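Before any comments, here is the structure.
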Amino acid sequence: DNKSTTSVISTSVSKEVIVDPTVHIIEPDEEDEKWEKVNERKASFSLPPRPPRGSLPATASSIFHGSSLVDYQGRSWCAVPSGIHTNNVKNRDLDSIECYLPKKCIKKFIGHNKGVQVVEFFPNSGHLLLSASLDGKLKIWDVLDDRQVKRTYLGHTEAIRHAGFNNDGSNIISTGFDRYIRLWDVETGQATSTFSNRKMSYQVKFHPNDSNSFLAPSSDNRIYQWDIRTGNVSQIYNHHL
């Protein structure tokens, strides 16, 4: 049939079909989960509550704040403007690049209700700015023109811990204290995939040469390498005590 499905995966490799193909949840087996809860109680002052077994993430959405999704030439709102040099050193004369220390504040970006955890410029061009906040929201800001917020991404029910662009700026990945990792399409604002192994992921980072893979260091002292295409963990690094 044409019904959509969600992958809820246990460590015993069995899959349970539920609702949405973009949601990939790895449930630990019951014995492992019992010991994880014991260890997490010891650090309960710093860890968010563990989601109930079988629970699913909140519905994600986004809000576009600009006047138009495309410009007069039909280019996307997030495309690099013409005339903007990129940081591709292969195509640039390094002697022509001049750098200066900042001497004054030229703009305050106001829009989040709580503290901001991370900011990151759009890769190579820097014409947009990503901000991730404790209010559970991601925002993209225009840096070159009106310097206003362009799009808000809503999908985390708790504070966001970390977020960042992939190599070409087409996607954002974010992790929050709701223990979910979200993959976002920058242009459309859609949450294209959601990942969780019920651990608290403190950071997320795309592979430098492959945007289909990312790392997530987690609360169990392990680093998980996720494959976006399959929704599975492809590698676990467990050498931290």
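For the structure tokens, the naming scheme is as follows: chains receive sequential letters (A, B, ...) according to their order of presentation, residues are indexed from 1 within each chain, and ligands are indexed from 1 in presentation order.
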Contacts of Asp168 in chain A within 12 Å, only C-alpha atoms, excl. fewer than 6 positions in-chain, as an MDAnalysis selection string: chainID A and resid 78:80 86:88 121:126 185:186 206 208:211
With only C-alpha atoms as the counted atoms, please give the residues lying no more than 12 Å from range 106-109 of chain A, apart from itself and same-chain residues fewer than 6 positions off, as a PyMOL selection string. chain A and resi 116+119+129-131+139-150
Preceding selection exported with all heavy atoms as a short mmCIF file (atom, residue, chain, number, x, y, z; two decimals), in the first residue's frame:
```
data_model
loop_
_atom_site.label_atom_id
_atom_site.label_comp_id
_atom_site.auth_asym_id
_atom_site.auth_seq_id
_atom_site.Cartn_x
_atom_site.Cartn_y
_atom_site.Cartn_z
N VAL A 116 21.56 32.23 22.95
CA VAL A 116 21.95 31.59 21.69
C VAL A 116 23.14 30.67 21.94
O VAL A 116 24.15 31.08 22.51
CB VAL A 116 22.30 32.65 20.62
CG1 VAL A 116 22.82 31.97 19.36
CG2 VAL A 116 21.06 33.49 20.30
N VAL A 119 26.34 30.17 16.60
CA VAL A 119 26.11 30.93 15.36
C VAL A 119 27.12 30.45 14.33
O VAL A 119 28.25 30.10 14.68
CB VAL A 119 26.24 32.46 15.57
CG1 VAL A 119 25.11 33.00 16.40
CG2 VAL A 119 27.59 32.82 16.19
N LEU A 129 23.46 33.94 8.05
CA LEU A 129 23.96 33.57 9.37
C LEU A 129 22.95 32.65 10.04
O LEU A 129 21.75 32.96 10.08
CB LEU A 129 24.18 34.81 10.23
CG LEU A 129 24.71 34.59 11.66
CD1 LEU A 129 26.16 34.11 11.61
CD2 LEU A 129 24.59 35.87 12.48
N LEU A 130 23.42 31.52 10.55
CA LEU A 130 22.58 30.58 11.29
C LEU A 130 22.73 30.83 12.79
O LEU A 130 23.84 31.01 13.28
CB LEU A 130 23.00 29.14 10.96
CG LEU A 130 22.47 28.03 11.87
CD1 LEU A 130 20.96 27.86 11.69
CD2 LEU A 130 23.20 26.72 11.58
N SER A 131 21.62 30.82 13.50
CA SER A 131 21.66 30.90 14.97
C SER A 131 20.77 29.80 15.55
O SER A 131 19.70 29.51 15.02
CB SER A 131 21.20 32.28 15.46
OG SER A 131 19.85 32.53 15.10
N LYS A 139 17.29 29.95 13.40
CA LYS A 139 16.97 31.09 12.54
C LYS A 139 18.08 31.32 11.53
O LYS A 139 19.26 31.12 11.84
CB LYS A 139 16.73 32.36 13.36
CG LYS A 139 15.44 32.35 14.20
CD LYS A 139 15.26 33.65 14.96
CE LYS A 139 14.00 33.62 15.82
NZ LYS A 139 12.77 33.69 15.00
N ILE A 140 17.69 31.73 10.33
CA ILE A 140 18.63 32.16 9.30
C ILE A 140 18.46 33.66 9.11
O ILE A 140 17.35 34.14 8.90
CB ILE A 140 18.38 31.43 7.96
CG1 ILE A 140 18.68 29.94 8.08
CG2 ILE A 140 19.21 32.07 6.85
CD1 ILE A 140 20.14 29.59 8.06
N TRP A 141 19.57 34.39 9.17
CA TRP A 141 19.55 35.86 9.08
C TRP A 141 20.27 36.31 7.80
O TRP A 141 21.27 35.72 7.40
CB TRP A 141 20.26 36.47 10.28
CG TRP A 141 19.75 36.02 11.61
CD1 TRP A 141 20.07 34.87 12.27
CD2 TRP A 141 18.82 36.71 12.45
NE1 TRP A 141 19.40 34.80 13.47
CE2 TRP A 141 18.62 35.91 13.61
CE3 TRP A 141 18.13 37.92 12.35
CZ2 TRP A 141 17.78 36.28 14.64
CZ3 TRP A 141 17.29 38.30 13.38
CH2 TRP A 141 17.13 37.49 14.51
N ASP A 142 19.75 37.37 7.21
CA ASP A 142 20.41 38.02 6.08
C ASP A 142 21.52 38.91 6.63
O ASP A 142 21.28 39.76 7.49
CB ASP A 142 19.40 38.85 5.29
CG ASP A 142 20.00 39.42 4.00
OD1 ASP A 142 21.20 39.69 3.98
OD2 ASP A 142 19.23 39.59 3.04
N VAL A 143 22.74 38.73 6.15
CA VAL A 143 23.88 39.51 6.64
C VAL A 143 24.19 40.69 5.72
O VAL A 143 24.68 41.72 6.18
CB VAL A 143 25.12 38.60 6.79
CG1 VAL A 143 26.34 39.40 7.22
CG2 VAL A 143 24.85 37.49 7.80
N LEU A 144 23.87 40.57 4.44
CA LEU A 144 24.32 41.57 3.46
C LEU A 144 23.34 42.70 3.23
O LEU A 144 23.74 43.86 3.09
CB LEU A 144 24.63 40.89 2.13
CG LEU A 144 25.77 39.87 2.12
CD1 LEU A 144 25.96 39.31 0.73
CD2 LEU A 144 27.06 40.52 2.61
N ASP A 145 22.03 42.41 3.14
CA ASP A 145 21.06 43.42 2.72
C ASP A 145 20.32 44.04 3.91
O ASP A 145 20.84 44.92 4.57
CB ASP A 145 20.08 42.80 1.72
CG ASP A 145 20.78 42.38 0.43
OD1 ASP A 145 21.74 43.07 0.03
OD2 ASP A 145 20.39 41.36 -0.16
N ASP A 146 19.11 43.54 4.19
CA ASP A 146 18.32 44.17 5.26
C ASP A 146 18.71 43.69 6.65
O ASP A 146 18.26 44.23 7.66
CB ASP A 146 16.83 43.95 5.02
CG ASP A 146 16.45 42.47 4.98
OD1 ASP A 146 17.31 41.62 5.28
OD2 ASP A 146 15.29 42.18 4.65
N ARG A 147 19.52 42.62 6.73
CA ARG A 147 20.00 42.08 8.01
C ARG A 147 18.86 41.70 8.95
O ARG A 147 18.95 41.89 10.16
CB ARG A 147 20.96 43.07 8.68
CG ARG A 147 22.24 43.26 7.88
CD ARG A 147 23.19 44.26 8.50
NE ARG A 147 24.43 44.35 7.72
CZ ARG A 147 25.37 45.25 7.94
NH1 ARG A 147 25.23 46.14 8.91
NH2 ARG A 147 26.46 45.27 7.19
N GLN A 148 17.82 41.14 8.37
CA GLN A 148 16.67 40.67 9.12
C GLN A 148 16.59 39.15 9.04
O GLN A 148 17.23 38.52 8.20
CB GLN A 148 15.38 41.30 8.59
CG GLN A 148 15.34 42.82 8.69
CD GLN A 148 15.42 43.30 10.12
OE1 GLN A 148 14.73 42.80 11.01
NE2 GLN A 148 16.28 44.28 10.36
N VAL A 149 15.77 38.56 9.92
CA VAL A 149 15.59 37.11 9.90
C VAL A 149 14.87 36.71 8.62
O VAL A 149 13.91 37.37 8.19
CB VAL A 149 14.82 36.63 11.15
CG1 VAL A 149 13.43 37.22 11.22
CG2 VAL A 149 14.78 35.11 11.21
N LYS A 150 15.33 35.63 7.98
CA LYS A 150 14.74 35.16 6.74
C LYS A 150 13.83 33.95 6.95
O LYS A 150 12.77 33.85 6.34
CB LYS A 150 15.83 34.80 5.73
CG LYS A 150 16.78 35.94 5.41
CD LYS A 150 16.08 37.10 4.72
CE LYS A 150 15.68 36.78 3.31
NZ LYS A 150 15.09 37.94 2.62
#
```
Any chance you could tabulate, as JSON lines, the residues of range 63-88 of chain A at most 10 Å from range 187-192 of chain A with each one's nearest atom pair and distance in Å to one decimal, using only C-alpha atoms, in chain and rising number order?
```
{"residue": "A:Ile63", "atom": "CA", "partner": "A:Gly189", "partner_atom": "CA", "distance": 7.6}
{"residue": "A:Phe64", "atom": "CA", "partner": "A:Gly189", "partner_atom": "CA", "distance": 8.1}
{"residue": "A:Leu69", "atom": "CA", "partner": "A:Glu187", "partner_atom": "CA", "distance": 8.5}
{"residue": "A:Ser76", "atom": "CA", "partner": "A:Glu187", "partner_atom": "CA", "distance": 7.3}
{"residue": "A:Trp77", "atom": "CA", "partner": "A:Glu187", "partner_atom": "CA", "distance": 7.4}
{"residue": "A:Cys78", "atom": "CA", "partner": "A:Glu187", "partner_atom": "CA", "distance": 6.3}
{"residue": "A:Ala79", "atom": "CA", "partner": "A:Glu187", "partner_atom": "CA", "distance": 8.8}
```
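Rounded to one decimal, CA of Asn39 in chain A and CA of Pro51 in chain A lie 15.5 Å from each other.
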Report as JSON, numbers by chain: the residues of range 98-174 of chain A with a DSSP assignment of strand (DSSP E or B), based on the backbone of this structure. {"A": [116, 117, 118, 119, 120, 121, 128, 129, 130, 131, 132, 133, 137, 138, 139, 140, 141, 142, 149, 150, 151, 152, 153, 154, 160, 161, 162, 163, 164, 165, 171, 172, 173, 174]}
Could the residues of range 14-125 of chain A that have an atom at most 12 Å from range 231-238 of chain A be listed as CSV, each with its closest atom pair and the distance in Å to one decimal, counting only C-alpha atoms and ordered by chain and ascending residue number?
```
residue,atom,partner,partner_atom,distance
A:Lys15,CA,A:Asn232,CA,11.4
A:Pro21,CA,A:Gly231,CA,9.5
A:Thr22,CA,A:Gly231,CA,8.3
A:Val23,CA,A:Gly231,CA,8.0
A:His24,CA,A:Gly231,CA,5.5
A:Ile25,CA,A:Gly231,CA,8.2
A:Ile26,CA,A:Asn232,CA,7.9
A:Glu27,CA,A:Asn232,CA,11.6
```
Show me, as a PDB file with N, CA, C and O atoms, in the first residue's frame, the residues that have an atom within 10 Å of Gly176 in chain A when counting only C-alpha atoms, minus same-chain residues fewer than 3 positions from it.
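Saved to result_2.pdb:
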```pdb
ATOM      1  N   PRO A  48      18.735  15.951  30.204  1.00  0.00           N
ATOM      2  CA  PRO A  48      17.290  16.141  30.100  1.00  0.00           C
ATOM      3  C   PRO A  48      16.561  14.818  30.325  1.00  0.00           C
ATOM      4  O   PRO A  48      17.163  13.744  30.239  1.00  0.00           O
ATOM      5  N   ALA A 132      21.229  29.186  16.621  1.00  0.00           N
ATOM      6  CA  ALA A 132      20.489  28.130  17.305  1.00  0.00           C
ATOM      7  C   ALA A 132      20.383  28.510  18.777  1.00  0.00           C
ATOM      8  O   ALA A 132      21.377  28.866  19.397  1.00  0.00           O
ATOM      9  N   SER A 133      19.175  28.401  19.327  1.00  0.00           N
ATOM     10  CA  SER A 133      18.923  29.007  20.631  1.00  0.00           C
ATOM     11  C   SER A 133      18.348  28.031  21.649  1.00  0.00           C
ATOM     12  O   SER A 133      17.801  26.971  21.317  1.00  0.00           O
ATOM     13  N   LEU A 134      18.443  28.443  22.904  1.00  0.00           N
ATOM     14  CA  LEU A 134      17.815  27.707  23.998  1.00  0.00           C
ATOM     15  C   LEU A 134      16.299  27.762  23.940  1.00  0.00           C
ATOM     16  O   LEU A 134      15.624  27.032  24.671  1.00  0.00           O
ATOM     17  N   GLY A 136      14.685  26.701  21.515  1.00  0.00           N
ATOM     18  CA  GLY A 136      14.291  25.586  20.664  1.00  0.00           C
ATOM     19  C   GLY A 136      14.141  25.940  19.201  1.00  0.00           C
ATOM     20  O   GLY A 136      13.655  25.124  18.414  1.00  0.00           O
ATOM     21  N   LYS A 137      14.590  27.141  18.797  1.00  0.00           N
ATOM     22  CA  LYS A 137      14.407  27.593  17.425  1.00  0.00           C
ATOM     23  C   LYS A 137      15.749  27.784  16.726  1.00  0.00           C
ATOM     24  O   LYS A 137      16.737  28.179  17.333  1.00  0.00           O
ATOM     25  N   GLY A 155      11.093  22.705  15.477  1.00  0.00           N
ATOM     26  CA  GLY A 155      10.995  21.250  15.504  1.00  0.00           C
ATOM     27  C   GLY A 155      11.488  20.633  16.795  1.00  0.00           C
ATOM     28  O   GLY A 155      11.184  19.485  17.093  1.00  0.00           O
ATOM     29  N   HIS A 156      12.250  21.399  17.571  1.00  0.00           N
ATOM     30  CA  HIS A 156      12.729  20.910  18.865  1.00  0.00           C
ATOM     31  C   HIS A 156      11.815  21.415  19.974  1.00  0.00           C
ATOM     32  O   HIS A 156      11.478  22.599  20.023  1.00  0.00           O
ATOM     33  N   THR A 157      11.430  20.518  20.859  1.00  0.00           N
ATOM     34  CA  THR A 157      10.547  20.892  21.973  1.00  0.00           C
ATOM     35  C   THR A 157      11.334  21.365  23.189  1.00  0.00           C
ATOM     36  O   THR A 157      10.747  21.858  24.146  1.00  0.00           O
ATOM     37  N   GLU A 158      12.656  21.192  23.152  1.00  0.00           N
ATOM     38  CA  GLU A 158      13.528  21.676  24.215  1.00  0.00           C
ATOM     39  C   GLU A 158      14.640  22.528  23.596  1.00  0.00           C
ATOM     40  O   GLU A 158      14.692  22.723  22.380  1.00  0.00           O
ATOM     41  N   ALA A 159      15.498  23.041  24.431  1.00  0.00           N
ATOM     42  CA  ALA A 159      16.586  23.895  23.960  1.00  0.00           C
ATOM     43  C   ALA A 159      17.472  23.168  22.953  1.00  0.00           C
ATOM     44  O   ALA A 159      17.662  21.950  23.025  1.00  0.00           O
ATOM     45  N   ILE A 160      18.000  23.918  22.003  1.00  0.00           N
ATOM     46  CA  ILE A 160      18.924  23.364  21.023  1.00  0.00           C
ATOM     47  C   ILE A 160      20.344  23.414  21.584  1.00  0.00           C
ATOM     48  O   ILE A 160      20.780  24.428  22.124  1.00  0.00           O
ATOM     49  N   ARG A 161      21.037  22.292  21.474  1.00  0.00           N
ATOM     50  CA  ARG A 161      22.403  22.194  22.002  1.00  0.00           C
ATOM     51  C   ARG A 161      23.451  22.601  20.976  1.00  0.00           C
ATOM     52  O   ARG A 161      24.427  23.257  21.298  1.00  0.00           O
ATOM     53  N   HIS A 162      23.234  22.218  19.706  1.00  0.00           N
ATOM     54  CA  HIS A 162      24.215  22.526  18.671  1.00  0.00           C
ATOM     55  C   HIS A 162      23.562  22.410  17.300  1.00  0.00           C
ATOM     56  O   HIS A 162      22.558  21.707  17.133  1.00  0.00           O
ATOM     57  N   ALA A 163      24.123  23.108  16.322  1.00  0.00           N
ATOM     58  CA  ALA A 163      23.622  23.052  14.948  1.00  0.00           C
ATOM     59  C   ALA A 163      24.714  23.519  14.005  1.00  0.00           C
ATOM     60  O   ALA A 163      25.653  24.217  14.414  1.00  0.00           O
ATOM     61  N   ARG A 179      16.506  15.277  22.837  1.00  0.00           N
ATOM     62  CA  ARG A 179      17.217  14.065  22.437  1.00  0.00           C
ATOM     63  C   ARG A 179      16.898  13.641  21.001  1.00  0.00           C
ATOM     64  O   ARG A 179      16.983  12.454  20.664  1.00  0.00           O
ATOM     65  N   TYR A 180      16.550  14.585  20.174  1.00  0.00           N
ATOM     66  CA  TYR A 180      16.354  14.302  18.757  1.00  0.00           C
ATOM     67  C   TYR A 180      17.349  15.112  17.932  1.00  0.00           C
ATOM     68  O   TYR A 180      17.702  16.240  18.282  1.00  0.00           O
ATOM     69  N   ILE A 181      17.788  14.514  16.833  1.00  0.00           N
ATOM     70  CA  ILE A 181      18.641  15.180  15.855  1.00  0.00           C
ATOM     71  C   ILE A 181      17.802  15.421  14.615  1.00  0.00           C
ATOM     72  O   ILE A 181      17.170  14.493  14.091  1.00  0.00           O
ATOM     73  N   ARG A 182      17.778  16.671  14.131  1.00  0.00           N
ATOM     74  CA  ARG A 182      16.957  17.035  12.972  1.00  0.00           C
ATOM     75  C   ARG A 182      17.860  17.420  11.795  1.00  0.00           C
ATOM     76  O   ARG A 182      18.840  18.139  11.967  1.00  0.00           O
ATOM     77  N   MET A 200      21.574  11.613  24.736  1.00  0.00           N
ATOM     78  CA  MET A 200      21.697  13.053  24.585  1.00  0.00           C
ATOM     79  C   MET A 200      22.926  13.350  23.742  1.00  0.00           C
ATOM     80  O   MET A 200      24.050  13.062  24.141  1.00  0.00           O
ATOM     81  N   SER A 201      22.714  13.907  22.541  1.00  0.00           N
ATOM     82  CA  SER A 201      23.829  14.249  21.654  1.00  0.00           C
ATOM     83  C   SER A 201      24.228  15.698  21.899  1.00  0.00           C
ATOM     84  O   SER A 201      23.413  16.605  21.744  1.00  0.00           O
ATOM     85  N   TYR A 202      25.492  15.910  22.244  1.00  0.00           N
ATOM     86  CA  TYR A 202      25.956  17.236  22.618  1.00  0.00           C
ATOM     87  C   TYR A 202      26.392  18.087  21.426  1.00  0.00           C
ATOM     88  O   TYR A 202      26.455  19.308  21.525  1.00  0.00           O
ATOM     89  N   GLN A 203      26.687  17.431  20.312  1.00  0.00           N
ATOM     90  CA  GLN A 203      27.123  18.156  19.132  1.00  0.00           C
ATOM     91  C   GLN A 203      26.811  17.304  17.905  1.00  0.00           C
ATOM     92  O   GLN A 203      26.676  16.079  18.001  1.00  0.00           O
TER      93      GLN A 203
END
```
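Shortest atom-to-atom contact with Lys205 in chain A among A:Asp135, A:Arg53, A:Val118, A:Phe165: A:Phe165, counting only C-alpha atoms.
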For Asn221 in chain A, the nearest of the candidates A:Lys103, A:His240, A:His127, A:His207, counting only C-alpha atoms: A:His240
